[in-house]
Amino acid sequence: MAKPDFKWVESASAAANARRVLPPLAEAYFKAGRALVASKATPEALHQFRLASKRFRYTLEIFGPCYGPGLETRLAGVHKIQQYLGDINDCAATGELFKGHLPRRSPLMARLEGFLRARTVQKVARFNAFWRDTFDKPGELERWTTYLARHTLRRPRPAASTSGRRRRASAASRGSGGTRRRRAGT
């Protein structure tokens with residue numbers, strides 16, 4: 001997936017730029033994923049798509065404050081794709097790691113290579129099934145592009161800091177819900 005060259009319009013808001021830039025970015029991502037799933041992809045092609053998935057997710061996260069909770073659902077799908085592709089890459093990396101430590105023609109190396117090949121085939125099948133049946137099921141691209149083009153918030157939410165999330169989680173666990181309690185009789 002080629003890195004798109006979108007120009008930022010300085011006179012426009014972040015939300016307006018997001019509505020302009022993100023739908024074509026999603027289209028390019030889906031196009032690359034569809035081509036990958038339709039082909040007999042090499043481990044290197046799968047790894048490159050994993051990197052493209054990271055870039056896509058990080059770009060969406062940058063614009064997160066401009067969107068509502070629907071973006072989090074979409075981000076979870078991209079993250080799951082990264083996990084599937086990471087598992088596949090782990091198989092390839094493990095094979096390379098052992099090549100430097102085991103004799104090339106040893107029975108142990110042959111068993112390890114056979115195991116990793118079978119595991120890679122299984123992981124690729126799971127990725128392909130998730131892509132086809134869940135992430136890119138019929139109508140998903142249209143849902144993505146419509147959401148990204150039309151559903152920015154009128155007032156972007158402030159980006160949540162990690163410490164802010166911890167304070168809210170801590171308050172919730174104490175049962176305060178982040179609000180002050182009134183004392184009885186006042």
# chains A, B, ... in the order shown; residues from 1 in each chain; ligands from 1
$ residues_around --residues "range 130-136 of chain A" --least-positions-apart "6" --cutoff "8 Å" --atoms "only C-alpha atoms" --output "JSON, numbers by chain"
{"A": [30, 33, 37, 77, 81]}
$ residues_around --residues "Leu75 in chain A" --least-positions-apart "2" --cutoff "12 Å" --atoms "only C-alpha atoms" --output "PyMOL selection string"
chain A and resi 26+53-64+67-73+77-82+135+144
$ write_last_selection --atoms "C-alpha atoms" --output "mmCIF file, in the first residue's frame"
data_model
loop_
_atom_site.group_PDB
_atom_site.id
_atom_site.type_symbol
_atom_site.label_atom_id
_atom_site.label_comp_id
_atom_site.auth_asym_id
_atom_site.auth_seq_id
_atom_site.Cartn_x
_atom_site.Cartn_y
_atom_site.Cartn_z
ATOM 1 C CA ALA A 26 -9.698 3.801 4.027
ATOM 2 C CA SER A 53 -2.148 -1.460 9.050
ATOM 3 C CA LYS A 54 -0.127 0.189 11.810
ATOM 4 C CA ARG A 55 0.183 3.417 9.819
ATOM 5 C CA PHE A 56 -3.543 3.356 9.040
ATOM 6 C CA ARG A 57 -4.500 2.756 12.682
ATOM 7 C CA TYR A 58 -2.123 5.434 13.974
ATOM 8 C CA THR A 59 -3.516 7.930 11.470
ATOM 9 C CA LEU A 60 -7.065 7.154 12.590
ATOM 10 C CA GLU A 61 -6.029 7.488 16.235
ATOM 11 C CA ILE A 62 -4.613 10.956 15.586
ATOM 12 C CA PHE A 63 -8.075 12.025 14.440
ATOM 13 C CA GLY A 64 -9.828 10.132 17.250
ATOM 14 C CA TYR A 67 -15.023 11.209 15.996
ATOM 15 C CA GLY A 68 -17.335 9.470 18.418
ATOM 16 C CA PRO A 69 -17.121 5.964 19.865
ATOM 17 C CA GLY A 70 -17.786 4.399 16.449
ATOM 18 C CA LEU A 71 -14.163 5.010 15.581
ATOM 19 C CA GLU A 72 -13.037 2.863 18.519
ATOM 20 C CA THR A 73 -14.973 -0.092 17.086
ATOM 21 C CA GLY A 77 -10.857 -4.305 13.815
ATOM 22 C CA VAL A 78 -7.630 -2.840 12.444
ATOM 23 C CA HIS A 79 -5.840 -3.820 15.653
ATOM 24 C CA LYS A 80 -7.106 -7.396 15.271
ATOM 25 C CA ILE A 81 -5.719 -7.470 11.728
ATOM 26 C CA GLN A 82 -2.364 -6.337 13.107
ATOM 27 C CA PHE A 135 -13.567 -6.788 8.467
ATOM 28 C CA TRP A 144 -16.191 3.011 6.806
#
$ residues_around --residues "Lys123 in chain A" --least-positions-apart "3" --cutoff "9 Å" --atoms "only C-alpha atoms" --output "compact mmCIF listing (two decimals) with C-alpha atoms, in the first residue's frame"
# COMPACT_ATOMS: atom_id res chain seq x y z
CA TYR A 84 -3.19 -11.80 12.97
CA LEU A 85 -0.41 -10.45 10.77
CA ASP A 87 1.36 -13.90 14.52
CA ILE A 88 2.22 -14.76 10.91
CA ALA A 118 1.87 -25.55 8.98
CA ARG A 119 1.38 -22.88 11.63
CA THR A 120 1.85 -20.12 9.06
CA ARG A 126 -7.45 -17.27 9.99
CA PHE A 127 -6.39 -13.82 8.80
CA ASN A 128 -8.03 -14.34 5.40
$ closest_residue --among "A:Gly95, A:Pro43, A:Pro103, A:Pro24" --to "Leu116 in chain A" --atoms "only C-alpha atoms"
A:Gly95
$ atom_distance --atom1 "CA of Phe115 in chain A" --atom2 "CA of Glu44 in chain A"
19.0 Å
$ residues_around --residues "Gly86 in chain A" --least-positions-apart "4" --cutoff "8 Å" --atoms "only C-alpha atoms" --output "tab-separated table (two decimals) with C-alpha atoms, in the first residue's frame"
chain	number	residue	atom	x	y	z
A	47	HIS	CA	4.56	-8.09	6.86
A	50	ARG	CA	1.01	-5.28	8.79
A	82	GLN	CA	-2.36	-6.34	13.11
A	90	ASP	CA	6.37	-14.32	14.31
$ atom_distance --atom1 "CA of Arg150 in chain A" --atom2 "CA of Arg19 in chain A"
6.7 Å
$ closest_residue --among "A:Cys66, A:Arg104, A:Leu51, A:Tyr147" --to "Ser13 in chain A" --atoms "only C-alpha atoms"
A:Cys66
$ closest_residue --among "A:Lys7, A:Arg34, A:Arg111, A:Arg105" --to "Lys137 in chain A" --atoms "only C-alpha atoms"
A:Arg34
$ decode --residues "range 21-113 of chain A" --atoms "C-alpha atoms" --output "PDB file, in the first residue's frame"
ATOM      1  CA  VAL A  21      -8.508  12.724   3.899  1.00  0.00           C
ATOM      2  CA  LEU A  22      -9.642   9.629   5.785  1.00  0.00           C
ATOM      3  CA  PRO A  23     -12.278   8.164   3.407  1.00  0.00           C
ATOM      4  CA  PRO A  24      -9.804   7.839   0.486  1.00  0.00           C
ATOM      5  CA  LEU A  25      -7.209   6.490   2.917  1.00  0.00           C
ATOM      6  CA  ALA A  26      -9.698   3.801   4.027  1.00  0.00           C
ATOM      7  CA  GLU A  27     -10.433   2.977   0.375  1.00  0.00           C
ATOM      8  CA  ALA A  28      -6.708   2.518  -0.319  1.00  0.00           C
ATOM      9  CA  TYR A  29      -6.357   0.320   2.773  1.00  0.00           C
ATOM     10  CA  PHE A  30      -9.289  -1.908   1.791  1.00  0.00           C
ATOM     11  CA  LYS A  31      -7.995  -2.133  -1.788  1.00  0.00           C
ATOM     12  CA  ALA A  32      -4.562  -3.277  -0.558  1.00  0.00           C
ATOM     13  CA  GLY A  33      -6.101  -5.773   1.870  1.00  0.00           C
ATOM     14  CA  ARG A  34      -8.379  -7.212  -0.781  1.00  0.00           C
ATOM     15  CA  ALA A  35      -5.460  -7.659  -3.171  1.00  0.00           C
ATOM     16  CA  LEU A  36      -3.454  -9.360  -0.438  1.00  0.00           C
ATOM     17  CA  VAL A  37      -6.253 -11.783   0.496  1.00  0.00           C
ATOM     18  CA  ALA A  38      -6.930 -12.580  -3.175  1.00  0.00           C
ATOM     19  CA  SER A  39      -3.284 -13.480  -3.817  1.00  0.00           C
ATOM     20  CA  LYS A  40      -0.977 -16.139  -2.482  1.00  0.00           C
ATOM     21  CA  ALA A  41       0.824 -13.557  -0.378  1.00  0.00           C
ATOM     22  CA  THR A  42       4.426 -14.005   0.659  1.00  0.00           C
ATOM     23  CA  PRO A  43       5.457 -13.536   4.291  1.00  0.00           C
ATOM     24  CA  GLU A  44       7.123 -10.272   3.220  1.00  0.00           C
ATOM     25  CA  ALA A  45       3.906  -8.985   1.589  1.00  0.00           C
ATOM     26  CA  LEU A  46       1.964  -9.892   4.730  1.00  0.00           C
ATOM     27  CA  HIS A  47       4.562  -8.087   6.856  1.00  0.00           C
ATOM     28  CA  GLN A  48       4.336  -4.988   4.647  1.00  0.00           C
ATOM     29  CA  PHE A  49       0.553  -4.986   5.027  1.00  0.00           C
ATOM     30  CA  ARG A  50       1.013  -5.281   8.786  1.00  0.00           C
ATOM     31  CA  LEU A  51       3.125  -2.116   8.694  1.00  0.00           C
ATOM     32  CA  ALA A  52       0.502  -0.424   6.499  1.00  0.00           C
ATOM     33  CA  SER A  53      -2.148  -1.460   9.050  1.00  0.00           C
ATOM     34  CA  LYS A  54      -0.127   0.189  11.810  1.00  0.00           C
ATOM     35  CA  ARG A  55       0.183   3.417   9.819  1.00  0.00           C
ATOM     36  CA  PHE A  56      -3.543   3.356   9.040  1.00  0.00           C
ATOM     37  CA  ARG A  57      -4.500   2.756  12.682  1.00  0.00           C
ATOM     38  CA  TYR A  58      -2.123   5.434  13.974  1.00  0.00           C
ATOM     39  CA  THR A  59      -3.516   7.930  11.470  1.00  0.00           C
ATOM     40  CA  LEU A  60      -7.065   7.154  12.590  1.00  0.00           C
ATOM     41  CA  GLU A  61      -6.029   7.488  16.235  1.00  0.00           C
ATOM     42  CA  ILE A  62      -4.613  10.956  15.586  1.00  0.00           C
ATOM     43  CA  PHE A  63      -8.075  12.025  14.440  1.00  0.00           C
ATOM     44  CA  GLY A  64      -9.828  10.132  17.250  1.00  0.00           C
ATOM     45  CA  PRO A  65     -10.950  13.277  19.094  1.00  0.00           C
ATOM     46  CA  CYS A  66     -12.851  14.345  15.956  1.00  0.00           C
ATOM     47  CA  TYR A  67     -15.023  11.209  15.996  1.00  0.00           C
ATOM     48  CA  GLY A  68     -17.335   9.470  18.418  1.00  0.00           C
ATOM     49  CA  PRO A  69     -17.121   5.964  19.865  1.00  0.00           C
ATOM     50  CA  GLY A  70     -17.786   4.399  16.449  1.00  0.00           C
ATOM     51  CA  LEU A  71     -14.163   5.010  15.581  1.00  0.00           C
ATOM     52  CA  GLU A  72     -13.037   2.863  18.519  1.00  0.00           C
ATOM     53  CA  THR A  73     -14.973  -0.092  17.086  1.00  0.00           C
ATOM     54  CA  ARG A  74     -13.297   0.380  13.724  1.00  0.00           C
ATOM     55  CA  LEU A  75      -9.873   0.733  15.341  1.00  0.00           C
ATOM     56  CA  ALA A  76     -10.418  -2.563  17.173  1.00  0.00           C
ATOM     57  CA  GLY A  77     -10.857  -4.305  13.815  1.00  0.00           C
ATOM     58  CA  VAL A  78      -7.630  -2.840  12.444  1.00  0.00           C
ATOM     59  CA  HIS A  79      -5.840  -3.820  15.653  1.00  0.00           C
ATOM     60  CA  LYS A  80      -7.106  -7.396  15.271  1.00  0.00           C
ATOM     61  CA  ILE A  81      -5.719  -7.470  11.728  1.00  0.00           C
ATOM     62  CA  GLN A  82      -2.364  -6.337  13.107  1.00  0.00           C
ATOM     63  CA  GLN A  83      -2.496  -9.184  15.642  1.00  0.00           C
ATOM     64  CA  TYR A  84      -3.192 -11.801  12.969  1.00  0.00           C
ATOM     65  CA  LEU A  85      -0.412 -10.449  10.773  1.00  0.00           C
ATOM     66  CA  GLY A  86       1.945 -10.215  13.759  1.00  0.00           C
ATOM     67  CA  ASP A  87       1.365 -13.901  14.518  1.00  0.00           C
ATOM     68  CA  ILE A  88       2.219 -14.758  10.909  1.00  0.00           C
ATOM     69  CA  ASN A  89       5.363 -12.622  11.059  1.00  0.00           C
ATOM     70  CA  ASP A  90       6.372 -14.324  14.308  1.00  0.00           C
ATOM     71  CA  CYS A  91       6.439 -17.669  12.482  1.00  0.00           C
ATOM     72  CA  ALA A  92       8.747 -16.289   9.792  1.00  0.00           C
ATOM     73  CA  ALA A  93      10.987 -14.566  12.339  1.00  0.00           C
ATOM     74  CA  THR A  94      11.226 -17.736  14.441  1.00  0.00           C
ATOM     75  CA  GLY A  95      12.345 -19.745  11.415  1.00  0.00           C
ATOM     76  CA  GLU A  96      15.025 -17.180  10.614  1.00  0.00           C
ATOM     77  CA  LEU A  97      16.198 -17.150  14.210  1.00  0.00           C
ATOM     78  CA  PHE A  98      16.722 -20.915  14.289  1.00  0.00           C
ATOM     79  CA  LYS A  99      18.476 -20.971  10.902  1.00  0.00           C
ATOM     80  CA  GLY A 100      21.455 -19.318  12.547  1.00  0.00           C
ATOM     81  CA  HIS A 101      21.587 -21.866  15.372  1.00  0.00           C
ATOM     82  CA  LEU A 102      20.675 -25.265  13.928  1.00  0.00           C
ATOM     83  CA  PRO A 103      22.346 -27.194  11.119  1.00  0.00           C
ATOM     84  CA  ARG A 104      20.377 -26.593   7.906  1.00  0.00           C
ATOM     85  CA  ARG A 105      19.804 -30.307   7.136  1.00  0.00           C
ATOM     86  CA  SER A 106      19.267 -31.577  10.681  1.00  0.00           C
ATOM     87  CA  PRO A 107      16.120 -33.565  11.526  1.00  0.00           C
ATOM     88  CA  LEU A 108      15.286 -31.007  14.226  1.00  0.00           C
ATOM     89  CA  MET A 109      15.467 -28.149  11.707  1.00  0.00           C
ATOM     90  CA  ALA A 110      13.284 -30.093   9.279  1.00  0.00           C
ATOM     91  CA  ARG A 111      10.650 -30.690  11.994  1.00  0.00           C
ATOM     92  CA  LEU A 112      10.788 -27.044  13.059  1.00  0.00           C
ATOM     93  CA  GLU A 113      10.401 -25.802   9.484  1.00  0.00           C
TER      94      GLU A 113
END
